[in-house]
$ cat structure-v5.pdb   # PDB, C-alpha atoms
ATOM      1  CA  MET A   1     -29.902  30.868 -62.553  1.00  0.00           C
ATOM      2  CA  MET A   2     -29.718  27.931 -64.939  1.00  0.00           C
ATOM      3  CA  THR A   3     -31.991  24.937 -64.457  1.00  0.00           C
ATOM      4  CA  THR A   4     -31.773  21.620 -66.265  1.00  0.00           C
ATOM      5  CA  ALA A   5     -34.905  19.506 -66.502  1.00  0.00           C
ATOM      6  CA  VAL A   6     -34.145  15.802 -66.148  1.00  0.00           C
ATOM      7  CA  LEU A   7     -36.256  12.723 -65.555  1.00  0.00           C
ATOM      8  CA  GLY A   8     -35.651  10.839 -62.318  1.00  0.00           C
ATOM      9  CA  LEU A   9     -37.575   7.668 -61.537  1.00  0.00           C
ATOM     10  CA  ALA A  10     -37.629   5.102 -58.751  1.00  0.00           C
ATOM     11  CA  SER A  11     -35.463   2.031 -59.205  1.00  0.00           C
ATOM     12  CA  ASP A  12     -38.496  -0.303 -59.129  1.00  0.00           C
ATOM     13  CA  VAL A  13     -40.117   1.279 -62.210  1.00  0.00           C
ATOM     14  CA  THR A  14     -40.187  -1.036 -65.245  1.00  0.00           C
ATOM     15  CA  ALA A  15     -38.507  -0.243 -68.544  1.00  0.00           C
ATOM     16  CA  ALA A  16     -41.919  -0.025 -70.241  1.00  0.00           C
ATOM     17  CA  ALA A  17     -43.270   2.389 -67.623  1.00  0.00           C
ATOM     18  CA  ALA A  18     -40.081   4.484 -67.810  1.00  0.00           C
ATOM     19  CA  LEU A  19     -40.400   4.814 -71.590  1.00  0.00           C
ATOM     20  CA  ASP A  20     -44.068   5.780 -71.262  1.00  0.00           C
ATOM     21  CA  ARG A  21     -43.182   8.446 -68.694  1.00  0.00           C
ATOM     22  CA  TRP A  22     -40.337   9.727 -70.880  1.00  0.00           C
ATOM     23  CA  LYS A  23     -42.726  10.078 -73.839  1.00  0.00           C
ATOM     24  CA  GLN A  24     -45.142  12.073 -71.666  1.00  0.00           C
ATOM     25  CA  GLU A  25     -42.460  14.458 -70.419  1.00  0.00           C
ATOM     26  CA  GLU A  26     -39.910  14.648 -73.252  1.00  0.00           C
ATOM     27  CA  ALA A  27     -41.021  18.094 -74.443  1.00  0.00           C
ATOM     28  CA  GLU A  28     -40.120  19.514 -71.011  1.00  0.00           C
ATOM     29  CA  LEU A  29     -36.790  17.748 -70.613  1.00  0.00           C
ATOM     30  CA  ASP A  30     -33.357  19.219 -71.292  1.00  0.00           C
ATOM     31  CA  VAL A  31     -31.603  15.845 -71.007  1.00  0.00           C
ATOM     32  CA  LEU A  32     -33.227  13.270 -73.294  1.00  0.00           C
ATOM     33  CA  TYR A  33     -30.652  10.493 -73.361  1.00  0.00           C
ATOM     34  CA  TYR A  34     -30.730   9.314 -69.756  1.00  0.00           C
ATOM     35  CA  ILE A  35     -33.209   8.578 -67.017  1.00  0.00           C
ATOM     36  CA  TYR A  36     -31.775   9.096 -63.559  1.00  0.00           C
ATOM     37  CA  VAL A  37     -32.529   6.202 -61.210  1.00  0.00           C
ATOM     38  CA  LEU A  38     -33.353   7.074 -57.608  1.00  0.00           C
ATOM     39  CA  ASP A  39     -33.703   5.033 -54.432  1.00  0.00           C
ATOM     40  CA  LYS A  40     -36.689   5.305 -52.081  1.00  0.00           C
ATOM     41  CA  ASP A  41     -35.116   8.373 -50.441  1.00  0.00           C
ATOM     42  CA  GLY A  42     -34.638  10.157 -53.763  1.00  0.00           C
ATOM     43  CA  VAL A  43     -30.880   9.554 -53.823  1.00  0.00           C
ATOM     44  CA  LEU A  44     -29.273   8.928 -57.200  1.00  0.00           C
ATOM     45  CA  THR A  45     -28.222   5.290 -57.606  1.00  0.00           C
ATOM     46  CA  GLY A  46     -27.433   5.245 -61.329  1.00  0.00           C
ATOM     47  CA  VAL A  47     -28.574   6.100 -64.834  1.00  0.00           C
ATOM     48  CA  ALA A  48     -30.407   4.202 -67.542  1.00  0.00           C
ATOM     49  CA  SER A  49     -29.654   5.248 -71.104  1.00  0.00           C
ATOM     50  CA  MET A  50     -32.267   5.275 -73.838  1.00  0.00           C
ATOM     51  CA  ARG A  51     -30.371   2.398 -75.432  1.00  0.00           C
ATOM     52  CA  ASP A  52     -30.625   0.418 -72.185  1.00  0.00           C
ATOM     53  CA  LEU A  53     -34.367   1.059 -72.007  1.00  0.00           C
ATOM     54  CA  LEU A  54     -35.054   0.217 -75.640  1.00  0.00           C
ATOM     55  CA  THR A  55     -33.164  -3.080 -75.469  1.00  0.00           C
ATOM     56  CA  ALA A  56     -34.472  -4.166 -72.044  1.00  0.00           C
ATOM     57  CA  ALA A  57     -37.400  -6.505 -71.564  1.00  0.00           C
ATOM     58  CA  PRO A  58     -40.508  -4.395 -70.854  1.00  0.00           C
ATOM     59  CA  GLN A  59     -40.893  -5.831 -67.351  1.00  0.00           C
ATOM     60  CA  GLN A  60     -37.254  -5.302 -66.322  1.00  0.00           C
ATOM     61  CA  ARG A  61     -36.844  -2.860 -63.479  1.00  0.00           C
ATOM     62  CA  LEU A  62     -34.547   0.152 -63.747  1.00  0.00           C
ATOM     63  CA  SER A  63     -32.482  -1.286 -60.883  1.00  0.00           C
ATOM     64  CA  GLU A  64     -31.638  -4.232 -63.150  1.00  0.00           C
ATOM     65  CA  ILE A  65     -30.529  -2.189 -66.149  1.00  0.00           C
ATOM     66  CA  GLN A  66     -29.010   0.940 -64.630  1.00  0.00           C
ATOM     67  CA  SER A  67     -25.346   1.828 -64.835  1.00  0.00           C
ATOM     68  CA  SER A  68     -23.852   3.038 -61.593  1.00  0.00           C
ATOM     69  CA  GLY A  69     -20.525   4.306 -60.604  1.00  0.00           C
TER      70      GLY A  69
END

$ encode --input "structure-v5.pdb" --output "structure tokens"
Amino acid sequence: MMTTAVLGLASDVTAAAALDRWKQEEAELDVLYYIYVLDKDGVLTGVASMRDLLTAAPQQRLSEIQSSG
């Protein structure tokens, strides 16, 4: 069975906190280019790319910068 390690974070997490978490976990991740944004029930609401995170204001929430669709 194949497993892919990805990073999923709540939509209210800030860009700065998301980048910190990514740095802590990047060695374990298979997908490094996106953070998956989840609602309070753990349902996928969108993705935030590394580019989005690096260009966002540190206090911006993932819900403000995510792409959905």

$ residues_around --input "structure-v5.pdb" --residues "segment 25-41 of chain A" --least-positions-apart "3" --cutoff "6 Å" --atoms "only C-alpha atoms" --output "mmCIF file with C-alpha atoms, in the coordinates of the input"
data_model
loop_
_atom_site.group_PDB
_atom_site.id
_atom_site.type_symbol
_atom_site.label_atom_id
_atom_site.label_comp_id
_atom_site.auth_asym_id
_atom_site.auth_seq_id
_atom_site.Cartn_x
_atom_site.Cartn_y
_atom_site.Cartn_z
ATOM 1 C CA THR A 4 -31.773 21.620 -66.265
ATOM 2 C CA ALA A 5 -34.905 19.506 -66.502
ATOM 3 C CA VAL A 6 -34.145 15.802 -66.148
ATOM 4 C CA LEU A 7 -36.256 12.723 -65.555
ATOM 5 C CA GLY A 8 -35.651 10.839 -62.318
ATOM 6 C CA LEU A 9 -37.575 7.668 -61.537
ATOM 7 C CA ALA A 10 -37.629 5.102 -58.751
ATOM 8 C CA SER A 11 -35.463 2.031 -59.205
ATOM 9 C CA TRP A 22 -40.337 9.727 -70.880
ATOM 10 C CA LEU A 44 -29.273 8.928 -57.200
ATOM 11 C CA THR A 45 -28.222 5.290 -57.606
ATOM 12 C CA GLY A 46 -27.433 5.245 -61.329
ATOM 13 C CA VAL A 47 -28.574 6.100 -64.834
ATOM 14 C CA ALA A 48 -30.407 4.202 -67.542
ATOM 15 C CA SER A 49 -29.654 5.248 -71.104
ATOM 16 C CA MET A 50 -32.267 5.275 -73.838
#

$ atom_distance --input "structure-v5.pdb" --atom1 "atom CA of Gly42 of chain A" --atom2 "atom CA of Gln59 of chain A"
21.9 Å

$ residues_near_point --input "structure-v5.pdb" --point "(-39.0, -0.1, -58.7)" --cutoff "7 Å" --atoms "all atoms listed in the file" --output "list in words"
Ala10, Ser11, Asp12, Val13, Thr14, Arg61, Leu62 and Ser63 of chain A

$ resolve_selection --input "structure-v5.pdb" --expression "the PyMOL selection byres ((chain A and resi 58) around 6)" --output "list in words"
Ala15, Ala16, Ala57, Gln59 and Gln60 of chain A

$ axis_aligned_box --input "structure-v5.pdb" --around "segment 25-30 of chain A" --padding-each-side "3 Å" --output "lines of an AutoDock Vina configuration file"
center_x = -37.9
center_y = 17.0
center_z = -72.4
size_x = 15.1
size_y = 11.1
size_z = 10.0

$ decode --input "structure-v5.pdb" --residues "segment 22-38 of chain A" --atoms "all heavy atoms" --output "CSV table (one decimal), in the first residue's frame"
chain,number,residue,atom,x,y,z
A,22,TRP,N,5.8,23.7,8.6
A,22,TRP,CA,6.4,23.0,7.5
A,22,TRP,C,7.9,22.7,7.7
A,22,TRP,O,8.3,21.6,7.3
A,22,TRP,CB,6.2,23.9,6.2
A,22,TRP,CG,6.7,23.3,5.0
A,22,TRP,CD1,6.2,22.3,4.2
A,22,TRP,CD2,8.0,23.7,4.4
A,22,TRP,NE1,7.1,22.1,3.1
A,22,TRP,CE2,8.2,22.9,3.2
A,22,TRP,CE3,9.0,24.6,4.7
A,22,TRP,CZ2,9.3,23.0,2.4
A,22,TRP,CZ3,10.1,24.7,3.9
A,22,TRP,CH2,10.2,23.9,2.8
A,23,LYS,N,8.6,23.7,8.2
A,23,LYS,CA,10.0,23.5,8.5
A,23,LYS,C,10.3,22.4,9.4
A,23,LYS,O,11.2,21.6,9.3
A,23,LYS,CB,10.7,24.8,9.0
A,23,LYS,CG,10.8,25.9,8.0
A,23,LYS,CD,11.3,27.2,8.6
A,23,LYS,CE,11.2,28.3,7.6
A,23,LYS,NZ,11.6,29.6,8.3
A,24,GLN,N,9.4,22.2,10.4
A,24,GLN,CA,9.5,21.1,11.4
A,24,GLN,C,9.3,19.8,10.8
A,24,GLN,O,9.9,18.8,11.2
A,24,GLN,CB,8.6,21.3,12.6
A,24,GLN,CG,8.8,22.5,13.4
A,24,GLN,CD,7.7,22.8,14.4
A,24,GLN,OE1,6.7,22.0,14.5
A,24,GLN,NE2,7.8,23.8,15.2
A,25,GLU,N,8.4,19.7,9.9
A,25,GLU,CA,8.0,18.4,9.3
A,25,GLU,C,8.4,18.1,7.9
A,25,GLU,O,8.2,17.0,7.4
A,25,GLU,CB,6.4,18.3,9.4
A,25,GLU,CG,5.9,18.4,10.8
A,25,GLU,CD,4.4,18.1,10.9
A,25,GLU,OE1,3.9,17.4,10.0
A,25,GLU,OE2,3.8,18.6,11.8
A,26,GLU,N,9.2,19.0,7.3
A,26,GLU,CA,9.5,18.8,5.9
A,26,GLU,C,10.3,17.5,5.6
A,26,GLU,O,10.1,16.9,4.5
A,26,GLU,CB,10.2,20.0,5.3
A,26,GLU,CG,11.5,20.4,5.9
A,26,GLU,CD,12.7,19.7,5.2
A,26,GLU,OE1,12.5,19.2,4.1
A,26,GLU,OE2,13.8,19.7,5.8
A,27,ALA,N,11.1,17.0,6.5
A,27,ALA,CA,11.8,15.8,6.2
A,27,ALA,C,10.9,14.6,6.1
A,27,ALA,O,11.3,13.6,5.4
A,27,ALA,CB,12.8,15.6,7.3
A,28,GLU,N,9.7,14.7,6.7
A,28,GLU,CA,8.8,13.5,6.7
A,28,GLU,C,7.8,13.6,5.5
A,28,GLU,O,7.0,12.7,5.3
A,28,GLU,CB,8.0,13.5,8.0
A,28,GLU,CG,8.9,13.4,9.2
A,28,GLU,CD,9.7,12.1,9.3
A,28,GLU,OE1,9.1,11.1,8.9
A,28,GLU,OE2,10.9,12.2,9.6
A,29,LEU,N,7.7,14.8,4.9
A,29,LEU,CA,6.7,15.0,3.9
A,29,LEU,C,7.1,14.5,2.5
A,29,LEU,O,8.2,14.7,2.1
A,29,LEU,CB,6.4,16.5,3.8
A,29,LEU,CG,5.8,17.1,5.1
A,29,LEU,CD1,5.7,18.6,4.9
A,29,LEU,CD2,4.5,16.5,5.5
A,30,ASP,N,6.1,14.0,1.8
A,30,ASP,CA,6.3,13.6,0.4
A,30,ASP,C,5.9,14.7,-0.6
A,30,ASP,O,6.4,14.8,-1.7
A,30,ASP,CB,5.4,12.3,0.0
A,30,ASP,CG,5.9,11.1,0.8
A,30,ASP,OD1,7.1,10.9,1.0
A,30,ASP,OD2,5.0,10.3,1.2
A,31,VAL,N,5.0,15.6,-0.2
A,31,VAL,CA,4.5,16.7,-0.9
A,31,VAL,C,5.0,18.0,-0.2
A,31,VAL,O,4.5,18.3,0.8
A,31,VAL,CB,3.0,16.7,-1.1
A,31,VAL,CG1,2.5,17.9,-1.9
A,31,VAL,CG2,2.5,15.4,-1.8
A,32,LEU,N,6.0,18.7,-0.9
A,32,LEU,CA,6.6,19.8,-0.2
A,32,LEU,C,6.0,21.2,-0.7
A,32,LEU,O,6.4,22.2,-0.1
A,32,LEU,CB,8.1,19.8,-0.4
A,32,LEU,CG,8.8,18.6,0.2
A,32,LEU,CD1,10.3,18.6,-0.2
A,32,LEU,CD2,8.7,18.6,1.7
A,33,TYR,N,5.3,21.2,-1.8
A,33,TYR,CA,4.9,22.4,-2.5
A,33,TYR,C,3.6,23.0,-2.0
A,33,TYR,O,3.3,24.1,-2.3
A,33,TYR,CB,5.0,22.2,-4.0
A,33,TYR,CG,6.3,21.7,-4.4
A,33,TYR,CD1,6.4,20.4,-4.9
A,33,TYR,CD2,7.4,22.4,-4.4
A,33,TYR,CE1,7.6,19.8,-5.3
A,33,TYR,CE2,8.6,21.9,-4.8
A,33,TYR,CZ,8.7,20.6,-5.2
A,33,TYR,OH,9.9,20.1,-5.6
A,34,TYR,N,2.8,22.2,-1.3
A,34,TYR,CA,1.5,22.7,-0.9
A,34,TYR,C,1.2,22.3,0.6
A,34,TYR,O,1.7,21.3,1.0
A,34,TYR,CB,0.4,22.0,-1.8
A,34,TYR,CG,0.5,22.4,-3.2
A,34,TYR,CD1,1.1,21.6,-4.1
A,34,TYR,CD2,0.0,23.6,-3.6
A,34,TYR,CE1,1.1,21.9,-5.5
A,34,TYR,CE2,0.0,24.0,-5.0
A,34,TYR,CZ,0.6,23.1,-5.9
A,34,TYR,OH,0.7,23.5,-7.2
A,35,ILE,N,0.5,23.2,1.2
A,35,ILE,CA,-0.1,22.8,2.5
A,35,ILE,C,-1.6,22.7,2.3
A,35,ILE,O,-2.2,23.6,1.6
A,35,ILE,CB,0.2,23.9,3.6
A,35,ILE,CG1,1.7,23.8,3.9
A,35,ILE,CG2,-0.7,23.7,4.8
A,35,ILE,CD1,2.2,24.9,4.9
A,36,TYR,N,-2.2,21.6,2.7
A,36,TYR,CA,-3.6,21.4,2.5
A,36,TYR,C,-4.4,22.1,3.7
A,36,TYR,O,-4.1,21.9,4.8
A,36,TYR,CB,-3.9,19.9,2.4
A,36,TYR,CG,-3.3,19.4,1.2
A,36,TYR,CD1,-2.0,18.9,1.2
A,36,TYR,CD2,-4.0,19.4,0.0
A,36,TYR,CE1,-1.3,18.5,0.0
A,36,TYR,CE2,-3.4,18.9,-1.2
A,36,TYR,CZ,-2.0,18.5,-1.2
A,36,TYR,OH,-1.4,18.1,-2.3
A,37,VAL,N,-5.4,22.9,3.3
A,37,VAL,CA,-6.1,23.7,4.3
A,37,VAL,C,-7.4,23.0,4.6
A,37,VAL,O,-8.2,22.6,3.7
A,37,VAL,CB,-6.4,25.1,3.7
A,37,VAL,CG1,-7.1,26.0,4.8
A,37,VAL,CG2,-5.1,25.8,3.3
A,38,LEU,N,-7.7,22.8,5.9
A,38,LEU,CA,-8.8,22.0,6.4
A,38,LEU,C,-9.7,22.9,7.3
A,38,LEU,O,-9.3,23.8,8.0
A,38,LEU,CB,-8.3,20.8,7.3
A,38,LEU,CG,-7.2,20.0,6.7
A,38,LEU,CD1,-6.6,19.0,7.7
A,38,LEU,CD2,-7.6,19.3,5.4
